[in-house]
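Visitor: Input structure: input07.pdb, which contains PDB, C-alpha atoms and all ligand atoms.
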ATOM      1  CA  MET A 242     -21.180 -29.900   4.664
ATOM      2  CA  SER A 243     -21.123 -26.290   5.711
ATOM      3  CA  PRO A 244     -19.312 -25.527   8.969
ATOM      4  CA  HIS A 245     -21.923 -22.857   9.741
ATOM      5  CA  ARG A 246     -25.604 -22.592  10.311
ATOM      6  CA  GLY A 247     -27.267 -20.597   7.561
ATOM      7  CA  ASP A 248     -26.574 -20.490   3.872
ATOM      8  CA  ALA A 249     -24.158 -17.566   3.409
ATOM      9  CA  SER A 250     -21.228 -19.864   4.140
ATOM     10  CA  GLU A 251     -22.130 -22.000   1.142
ATOM     11  CA  ARG A 252     -20.535 -19.453  -1.172
ATOM     12  CA  THR A 253     -17.222 -20.852  -2.241
ATOM     13  CA  ASN A 254     -16.164 -18.863  -5.291
ATOM     14  CA  HIS A 255     -13.848 -16.493  -3.418
ATOM     15  CA  LYS A 256     -10.641 -15.991  -5.359
ATOM     16  CA  PRO A 257      -8.174 -14.054  -3.204
ATOM     17  CA  ASN A 258      -5.419 -12.456  -5.238
ATOM     18  CA  GLY A 259      -2.959 -12.466  -2.330
ATOM     19  CA  ASN A 260      -2.347  -8.744  -2.395
ATOM     20  CA  GLU A 261      -4.005  -8.189   0.959
ATOM     21  CA  ALA A 262      -1.761 -10.769   2.617
ATOM     22  CA  MET A 263       1.419  -9.425   1.057
ATOM     23  CA  SER A 264       0.681  -5.822   1.936
ATOM     24  CA  ASP A 265      -0.829  -6.400   5.406
ATOM     25  CA  THR A 266      -3.762  -4.086   4.778
ATOM     26  CA  ARG A 267      -6.534  -6.507   5.787
ATOM     27  CA  THR A 268      -7.291  -8.547   8.854
ATOM     28  CA  LEU A 269     -10.232 -10.329  10.458
ATOM     29  CA  ALA A 270     -11.836  -9.314  13.733
ATOM     30  CA  ILE A 271     -14.438 -11.437  15.497
ATOM     31  CA  ILE A 272     -16.421  -9.951  18.330
ATOM     32  CA  LYS A 273     -16.931 -13.048  20.454
ATOM     33  CA  PRO A 274     -20.141 -14.325  22.112
ATOM     34  CA  ASP A 275     -19.359 -12.712  25.483
ATOM     35  CA  ALA A 276     -18.975  -9.196  24.068
ATOM     36  CA  PHE A 277     -21.564  -9.484  21.295
ATOM     37  CA  GLY A 278     -24.160 -11.005  23.617
ATOM     38  CA  SER A 279     -23.710  -8.286  26.230
ATOM     39  CA  GLY A 280     -24.113  -5.440  23.765
ATOM     40  CA  LYS A 281     -20.474  -4.344  23.540
ATOM     41  CA  ALA A 282     -20.193  -4.516  19.737
ATOM     42  CA  GLY A 283     -20.927  -0.824  19.213
ATOM     43  CA  LYS A 284     -18.300   0.314  21.687
ATOM     44  CA  ILE A 285     -15.723  -2.062  20.237
ATOM     45  CA  ILE A 286     -16.448  -0.959  16.668
ATOM     46  CA  ASP A 287     -16.142   2.669  17.775
ATOM     47  CA  ARG A 288     -12.711   1.873  19.241
ATOM     48  CA  LEU A 289     -11.599   0.162  16.017
ATOM     49  CA  GLU A 290     -12.888   2.919  13.719
ATOM     50  CA  SER A 291     -11.245   5.533  15.947
ATOM     51  CA  ASP A 292      -7.989   3.749  15.260
ATOM     52  CA  GLY A 293      -8.456   4.073  11.504
ATOM     53  CA  PHE A 294      -9.899   0.669  10.664
ATOM     54  CA  ARG A 295     -12.441   0.563   7.871
ATOM     55  CA  ILE A 296     -15.107  -2.166   8.037
ATOM     56  CA  LEU A 297     -15.238  -3.943   4.667
ATOM     57  CA  ALA A 298     -18.166  -6.243   5.540
ATOM     58  CA  ALA A 299     -19.883  -7.582   8.641
ATOM     59  CA  ARG A 300     -21.696 -10.802   9.386
ATOM     60  CA  VAL A 301     -23.418 -12.150  12.481
ATOM     61  CA  VAL A 302     -22.852 -15.895  12.620
ATOM     62  CA  HIS A 303     -23.803 -18.543  15.152
ATOM     63  CA  LEU A 304     -20.967 -20.981  14.557
ATOM     64  CA  SER A 305     -21.664 -24.683  14.533
ATOM     65  CA  ARG A 306     -19.350 -26.967  16.490
ATOM     66  CA  ALA A 307     -17.720 -28.142  13.258
ATOM     67  CA  GLY A 308     -17.284 -24.528  12.151
ATOM     68  CA  ALA A 309     -15.619 -23.440  15.391
ATOM     69  CA  GLU A 310     -13.381 -26.524  15.363
ATOM     70  CA  ALA A 311     -12.336 -25.775  11.790
ATOM     71  CA  PHE A 312     -11.672 -22.114  12.503
ATOM     72  CA  TYR A 313      -9.519 -22.948  15.546
ATOM     73  CA  ASP A 314      -7.949 -26.047  14.003
ATOM     74  CA  VAL A 315      -4.460 -24.809  14.923
ATOM     75  CA  HIS A 316      -5.435 -25.186  18.605
ATOM     76  CA  ARG A 317      -6.827 -28.726  18.223
ATOM     77  CA  GLY A 318      -5.314 -30.967  20.908
ATOM     78  CA  LYS A 319      -4.601 -28.143  23.333
ATOM     79  CA  PRO A 320      -6.133 -28.419  26.823
ATOM     80  CA  PHE A 321      -8.455 -25.460  26.215
ATOM     81  CA  PHE A 322      -9.674 -26.536  22.755
ATOM     82  CA  ALA A 323     -13.003 -28.138  23.759
ATOM     83  CA  SER A 324     -13.833 -25.299  26.103
ATOM     84  CA  LEU A 325     -12.916 -22.733  23.437
ATOM     85  CA  VAL A 326     -15.247 -24.447  20.962
ATOM     86  CA  ASP A 327     -18.022 -24.572  23.606
ATOM     87  CA  PHE A 328     -17.603 -20.866  24.199
ATOM     88  CA  MET A 329     -17.403 -19.866  20.538
ATOM     89  CA  THR A 330     -20.618 -21.790  19.809
ATOM     90  CA  SER A 331     -22.459 -20.451  22.877
ATOM     91  CA  GLY A 332     -23.971 -17.525  20.958
ATOM     92  CA  PRO A 333     -23.612 -15.392  17.838
ATOM     93  CA  VAL A 334     -20.375 -13.665  16.915
ATOM     94  CA  LEU A 335     -19.793 -10.641  14.690
ATOM     95  CA  ALA A 336     -17.105 -11.247  12.051
ATOM     96  CA  MET A 337     -15.606  -8.278  10.194
ATOM     97  CA  PRO A 338     -12.792  -7.936   7.684
ATOM     98  CA  LEU A 339     -11.009  -4.693   8.510
ATOM     99  CA  GLU A 340      -8.688  -2.546   6.445
ATOM    100  CA  ARG A 341      -5.952  -0.085   7.283
ATOM    101  CA  GLU A 342      -2.173   0.200   6.950
ATOM    102  CA  ASP A 343      -0.362  -2.492   9.000
ATOM    103  CA  ALA A 344      -3.778  -3.991   9.745
ATOM    104  CA  VAL A 345      -2.688  -7.267  11.377
ATOM    105  CA  THR A 346      -0.046  -5.713  13.585
ATOM    106  CA  ARG A 347      -2.118  -2.732  14.552
ATOM    107  CA  LEU A 348      -5.282  -4.704  15.367
ATOM    108  CA  ARG A 349      -3.341  -6.988  17.673
ATOM    109  CA  GLU A 350      -1.967  -3.919  19.447
ATOM    110  CA  VAL A 351      -5.435  -2.404  19.782
ATOM    111  CA  ILE A 352      -7.028  -5.580  21.197
ATOM    112  CA  GLY A 353      -4.238  -6.332  23.678
ATOM    113  CA  ALA A 354      -2.886  -9.550  25.187
ATOM    114  CA  THR A 355      -4.909 -12.801  25.139
ATOM    115  CA  ASP A 356      -5.439 -12.600  28.892
ATOM    116  CA  PRO A 357      -7.214  -9.330  29.691
ATOM    117  CA  ALA A 358      -5.290  -9.235  32.980
ATOM    118  CA  ASP A 359      -2.094  -8.811  30.936
ATOM    119  CA  ALA A 360      -3.575  -6.444  28.342
ATOM    120  CA  ASP A 361      -2.440  -2.825  28.251
ATOM    121  CA  THR A 362      -4.816  -0.232  29.653
ATOM    122  CA  GLY A 363      -7.300   0.983  27.069
ATOM    123  CA  THR A 364      -7.052  -2.053  24.816
ATOM    124  CA  VAL A 365     -10.271  -3.824  23.832
ATOM    125  CA  ARG A 366      -9.537  -6.871  25.956
ATOM    126  CA  ALA A 367      -8.559  -4.783  28.979
ATOM    127  CA  LEU A 368     -11.822  -2.872  28.631
ATOM    128  CA  TYR A 369     -14.232  -5.685  27.781
ATOM    129  CA  GLY A 370     -12.562  -9.086  28.342
ATOM    130  CA  GLU A 371     -13.400 -11.240  31.351
ATOM    131  CA  GLY A 372     -10.673 -13.884  31.090
ATOM    132  CA  LYS A 373      -8.338 -15.755  28.777
ATOM    133  CA  GLU A 374     -11.239 -17.493  27.065
ATOM    134  CA  ARG A 375     -13.979 -14.857  27.347
ATOM    135  CA  ASN A 376     -11.682 -12.201  25.953
ATOM    136  CA  ALA A 377     -14.162 -10.263  23.795
ATOM    137  CA  ILE A 378     -12.415 -10.306  20.427
ATOM    138  CA  HIS A 379     -10.287 -12.354  18.051
ATOM    139  CA  ALA A 380      -7.789 -10.940  15.570
ATOM    140  CA  SER A 381      -5.759 -12.696  12.881
ATOM    141  CA  ASP A 382      -2.147 -13.270  13.878
ATOM    142  CA  SER A 383      -0.461 -12.946  10.473
ATOM    143  CA  PRO A 384      -1.263 -11.577   7.005
ATOM    144  CA  ASP A 385      -1.461 -15.120   5.618
ATOM    145  CA  ASN A 386      -3.874 -16.229   8.342
ATOM    146  CA  ALA A 387      -5.856 -13.035   7.816
ATOM    147  CA  ARG A 388      -6.474 -14.028   4.216
ATOM    148  CA  VAL A 389      -7.556 -17.549   5.240
ATOM    149  CA  GLU A 390      -9.749 -16.276   8.068
ATOM    150  CA  VAL A 391     -11.435 -13.599   5.932
ATOM    151  CA  ALA A 392     -12.198 -16.274   3.333
ATOM    152  CA  PHE A 393     -13.609 -18.545   6.071
ATOM    153  CA  PHE A 394     -16.391 -16.076   6.822
ATOM    154  CA  PHE A 395     -16.614 -14.111   3.577
ATOM    155  CA  ALA A 396     -15.910 -16.535   0.753
ATOM    156  CA  GLY A 397     -17.533 -15.212  -2.391
ATOM    157  CA  VAL A 398     -18.219 -11.772  -0.935
ATOM    158  CA  ASP A 399     -16.966  -8.867  -3.001
ATOM    159  CA  LEU A 400     -15.418  -6.809  -0.206
ATOM    160  CA  ALA A 401     -15.980  -3.044  -0.403
TER     161      ALA A 401
HETATM  162  P1  LIG B 501      -8.108 -15.945  20.054
HETATM  163  O1  LIG B 501      -7.363 -14.717  19.669
HETATM  164  O2  LIG B 501      -9.493 -16.085  19.582
HETATM  165  O3  LIG B 501      -7.272 -17.228  19.606
HETATM  166  C1  LIG B 501      -7.348 -18.460  20.264
HETATM  167  C2  LIG B 501      -8.133 -18.378  21.521
HETATM  168  O4  LIG B 501      -7.925 -19.421  22.431
HETATM  169  C3  LIG B 501      -7.701 -17.151  22.291
HETATM  170  O5  LIG B 501      -8.151 -15.995  21.654
HETATM  171  C4  LIG B 501      -8.292 -17.418  23.655
HETATM  172  O6  LIG B 501      -9.645 -17.023  23.725
HETATM  173  C5  LIG B 501      -8.196 -18.921  23.708
HETATM  174  N1  LIG B 501      -7.116 -19.322  24.593
HETATM  175  C6  LIG B 501      -5.801 -19.225  24.371
HETATM  176  N2  LIG B 501      -5.114 -19.707  25.414
HETATM  177  C7  LIG B 501      -6.033 -20.129  26.304
HETATM  178  C8  LIG B 501      -5.950 -20.734  27.575
HETATM  179  N3  LIG B 501      -4.764 -21.012  28.128
HETATM  180  N4  LIG B 501      -7.097 -21.032  28.199
HETATM  181  C9  LIG B 501      -8.282 -20.766  27.623
HETATM  182  N5  LIG B 501      -8.433 -20.193  26.407
HETATM  183  C10 LIG B 501      -7.306 -19.873  25.762
END
Do you think you could lay out the structure here as structure tokens?

Guide:
Amino acid sequence: MSPHRGDASERTNHKPNGNEAMSDTRTLAIIKPDAFGSGKAGKIIDRLESDGFRILAARVVHLSRAGAEAFYDVHRGKPFFASLVDFMTSGPVLAMPLEREDAVTRLREVIGATDPADADTGTVRALYGEGKERNAIHASDSPDNARVEVAFFFAGVDLA
């Protein structure tokens, strides 16, 4: 069964060659339901492109509960897991594989700390996040996870 609504997620013939993980040139950003639903996507994309990120693909997805649980499987069992899944299924998200040098490291710098209250001035979460959960954007935390997370949303897509 597909974790998503819609049929694009049915594509399963993605064959990552591993180069993107080894070289840290690709990462996954997700503009979350709070920011996407309040029309902040354009401003966030502008911020990312200004920092040299190239958008390789983009997809608006309304995650199913099973899809959000699978994506955040590493957090299963944590006190905030159910609430996180509720939030991530509350509306559409915009998922984008991004490319630039040191992509994973740099994107995490640009988005700022998980809690917008702790995020550096000018970071995406400081600008657009409302709280630890409604924090506007997700970014992969390692090159290996970036490869898995890009495949989660873009399996079978020939990235530009
Ligand atoms: P994200 O980068 O998407 O990865 C996991 C998410 O869990 C994180 O952003 C937050 O939105 C959420 N999260 C992490 N810690 C907490 C917490 N203590 N309370 C609520 N949500 C959290």

Visitor: Applied to this file, what does the PyMOL selection byres (((not hetatm)) within 8 of (chain B and resi 501)) return in terms of residues, put as an MDAnalysis selection string?

Guide: chainID A and resid 271 313 316 320:322 324:325 355:356 373:376 378:382

Visitor: Write out as a PDB file with C-alpha atoms, in the frame of the given file which residues come within 6 Å of stretch 326-335 of chain A when counting all atoms listed in the file, dropping same-chain ones fewer than 3 positions away.

Guide:
ATOM      1  CA  ILE A 271     -14.438 -11.437  15.497  1.00  0.00           C
ATOM      2  CA  ILE A 272     -16.421  -9.951  18.330  1.00  0.00           C
ATOM      3  CA  LYS A 273     -16.931 -13.048  20.454  1.00  0.00           C
ATOM      4  CA  PRO A 274     -20.141 -14.325  22.112  1.00  0.00           C
ATOM      5  CA  ARG A 300     -21.696 -10.802   9.386  1.00  0.00           C
ATOM      6  CA  VAL A 301     -23.418 -12.150  12.481  1.00  0.00           C
ATOM      7  CA  VAL A 302     -22.852 -15.895  12.620  1.00  0.00           C
ATOM      8  CA  HIS A 303     -23.803 -18.543  15.152  1.00  0.00           C
ATOM      9  CA  LEU A 304     -20.967 -20.981  14.557  1.00  0.00           C
ATOM     10  CA  ALA A 309     -15.619 -23.440  15.391  1.00  0.00           C
ATOM     11  CA  ALA A 323     -13.003 -28.138  23.759  1.00  0.00           C
TER      12      ALA A 323
END

Visitor: For A:Ala354, which of A:Gly308, A:Pro338, A:Gly370, A:Gly280 is the closest residue, counting all atoms listed in the file?

Guide: A:Gly370

Visitor: Would you write out, as an NGL selection string, every residue that the PyMOL selection byres (((chain A and resi 342) around 9) and not hetatm) captures in this file?

Guide: :A and (264-267 or 293-294 or 340-341 or 343-345 or 347)

Visitor: Restricting it to C-alpha atoms, dump the selection as a compact mmCIF listing (two decimals), keeping the file's coordinate frame.

Guide:
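File produced: out-v1.txt:
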# COMPACT_ATOMS: atom_id res chain seq x y z
CA SER A 264 0.68 -5.82 1.94
CA ASP A 265 -0.83 -6.40 5.41
CA THR A 266 -3.76 -4.09 4.78
CA ARG A 267 -6.53 -6.51 5.79
CA GLY A 293 -8.46 4.07 11.50
CA PHE A 294 -9.90 0.67 10.66
CA GLU A 340 -8.69 -2.55 6.44
CA ARG A 341 -5.95 -0.08 7.28
CA ASP A 343 -0.36 -2.49 9.00
CA ALA A 344 -3.78 -3.99 9.74
CA VAL A 345 -2.69 -7.27 11.38
CA ARG A 347 -2.12 -2.73 14.55

Visitor: Provide the atom CA of A:Asp275 to atom CA of A:Asp287 distance in Å, to one decimal place.

Guide: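 So the answer is 17.5 Å.
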
Visitor: Just so the selection is clear, what residues does the PyMOL selection byres (((chain A and resi 364) around 9) and not hetatm) cover here, as a PDB file with C-alpha atoms, in the frame of the given file?

Guide:
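Result file is selection27.pdb:
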ATOM      1  CA  ARG A 288     -12.711   1.873  19.241  1.00  0.00           C
ATOM      2  CA  GLU A 350      -1.967  -3.919  19.447  1.00  0.00           C
ATOM      3  CA  VAL A 351      -5.435  -2.404  19.782  1.00  0.00           C
ATOM      4  CA  ILE A 352      -7.028  -5.580  21.197  1.00  0.00           C
ATOM      5  CA  GLY A 353      -4.238  -6.332  23.678  1.00  0.00           C
ATOM      6  CA  ALA A 354      -2.886  -9.550  25.187  1.00  0.00           C
ATOM      7  CA  PRO A 357      -7.214  -9.330  29.691  1.00  0.00           C
ATOM      8  CA  ALA A 360      -3.575  -6.444  28.342  1.00  0.00           C
ATOM      9  CA  ASP A 361      -2.440  -2.825  28.251  1.00  0.00           C
ATOM     10  CA  THR A 362      -4.816  -0.232  29.653  1.00  0.00           C
ATOM     11  CA  GLY A 363      -7.300   0.983  27.069  1.00  0.00           C
ATOM     12  CA  VAL A 365     -10.271  -3.824  23.832  1.00  0.00           C
ATOM     13  CA  ARG A 366      -9.537  -6.871  25.956  1.00  0.00           C
ATOM     14  CA  ALA A 367      -8.559  -4.783  28.979  1.00  0.00           C
ATOM     15  CA  LEU A 368     -11.822  -2.872  28.631  1.00  0.00           C
ATOM     16  CA  TYR A 369     -14.232  -5.685  27.781  1.00  0.00           C
TER      17      TYR A 369
END

Visitor: How would stretch 285-296 of chain A read, as a compact mmCIF listing (two decimals), in the coordinates of the input, once all heavy atoms are built in?

Guide:
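Contents of rebuild.txt, freshly written:
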# COMPACT_ATOMS: atom_id res chain seq x y z
N ILE A 285 -16.95 -1.49 20.81
CA ILE A 285 -15.72 -2.06 20.24
C ILE A 285 -15.51 -1.54 18.82
O ILE A 285 -14.39 -1.14 18.44
CB ILE A 285 -15.78 -3.61 20.28
CG1 ILE A 285 -15.73 -4.07 21.74
CG2 ILE A 285 -14.62 -4.20 19.48
CD1 ILE A 285 -15.94 -5.57 21.93
N ILE A 286 -16.57 -1.49 18.04
CA ILE A 286 -16.45 -0.96 16.67
C ILE A 286 -16.00 0.50 16.71
O ILE A 286 -15.15 0.93 15.92
CB ILE A 286 -17.78 -1.13 15.91
CG1 ILE A 286 -17.99 -2.61 15.56
CG2 ILE A 286 -17.81 -0.27 14.64
CD1 ILE A 286 -19.37 -2.94 15.02
N ASP A 287 -16.54 1.27 17.63
CA ASP A 287 -16.14 2.67 17.77
C ASP A 287 -14.64 2.76 18.04
O ASP A 287 -13.93 3.58 17.44
CB ASP A 287 -16.93 3.30 18.92
CG ASP A 287 -16.65 4.78 19.07
OD1 ASP A 287 -16.58 5.46 18.03
OD2 ASP A 287 -16.49 5.26 20.21
N ARG A 288 -14.15 1.89 18.91
CA ARG A 288 -12.71 1.87 19.24
C ARG A 288 -11.88 1.55 18.00
O ARG A 288 -10.85 2.17 17.76
CB ARG A 288 -12.49 0.83 20.33
CG ARG A 288 -11.06 0.60 20.75
CD ARG A 288 -10.57 1.71 21.66
NE ARG A 288 -9.19 1.48 22.08
CZ ARG A 288 -8.12 1.77 21.35
NH1 ARG A 288 -8.26 2.27 20.15
NH2 ARG A 288 -6.91 1.53 21.82
N LEU A 289 -12.35 0.58 17.21
CA LEU A 289 -11.60 0.16 16.02
C LEU A 289 -11.63 1.26 14.95
O LEU A 289 -10.60 1.58 14.34
CB LEU A 289 -12.17 -1.15 15.45
CG LEU A 289 -12.16 -2.35 16.42
CD1 LEU A 289 -12.78 -3.57 15.75
CD2 LEU A 289 -10.75 -2.66 16.90
N GLU A 290 -12.79 1.86 14.73
CA GLU A 290 -12.89 2.92 13.72
C GLU A 290 -12.08 4.14 14.15
O GLU A 290 -11.47 4.81 13.31
CB GLU A 290 -14.35 3.29 13.48
CG GLU A 290 -15.10 2.19 12.73
CD GLU A 290 -16.51 2.58 12.33
OE1 GLU A 290 -17.16 3.31 13.11
OE2 GLU A 290 -16.97 2.16 11.26
N SER A 291 -12.05 4.40 15.44
CA SER A 291 -11.24 5.53 15.95
C SER A 291 -9.77 5.32 15.65
O SER A 291 -9.00 6.27 15.58
CB SER A 291 -11.42 5.69 17.46
OG SER A 291 -12.73 5.98 17.75
N ASP A 292 -9.39 4.06 15.55
CA ASP A 292 -7.99 3.75 15.26
C ASP A 292 -7.74 3.63 13.75
O ASP A 292 -6.66 3.16 13.34
CB ASP A 292 -7.59 2.45 15.97
CG ASP A 292 -6.09 2.40 16.21
OD1 ASP A 292 -5.61 3.18 17.05
OD2 ASP A 292 -5.40 1.61 15.52
N GLY A 293 -8.69 4.02 12.95
CA GLY A 293 -8.46 4.07 11.50
C GLY A 293 -8.84 2.84 10.73
O GLY A 293 -8.58 2.76 9.53
N PHE A 294 -9.46 1.87 11.39
CA PHE A 294 -9.90 0.67 10.66
C PHE A 294 -11.19 0.95 9.92
O PHE A 294 -12.11 1.58 10.46
CB PHE A 294 -10.13 -0.51 11.63
CG PHE A 294 -8.86 -1.11 12.13
CD1 PHE A 294 -8.33 -0.74 13.36
CD2 PHE A 294 -8.16 -2.03 11.36
CE1 PHE A 294 -7.14 -1.28 13.82
CE2 PHE A 294 -6.97 -2.59 11.81
CZ PHE A 294 -6.46 -2.21 13.04
N ARG A 295 -11.23 0.47 8.69
CA ARG A 295 -12.44 0.56 7.87
C ARG A 295 -13.08 -0.83 7.82
O ARG A 295 -12.38 -1.82 7.59
CB ARG A 295 -12.05 1.01 6.45
CG ARG A 295 -13.21 1.52 5.62
CD ARG A 295 -12.68 2.32 4.44
NE ARG A 295 -12.07 1.47 3.42
CZ ARG A 295 -12.76 0.82 2.48
NH1 ARG A 295 -14.07 0.93 2.42
NH2 ARG A 295 -12.13 0.07 1.59
N ILE A 296 -14.39 -0.88 8.06
CA ILE A 296 -15.11 -2.17 8.04
C ILE A 296 -15.49 -2.47 6.59
O ILE A 296 -16.22 -1.69 5.97
CB ILE A 296 -16.36 -2.11 8.93
CG1 ILE A 296 -15.95 -1.82 10.38
CG2 ILE A 296 -17.15 -3.41 8.85
CD1 ILE A 296 -17.13 -1.51 11.30
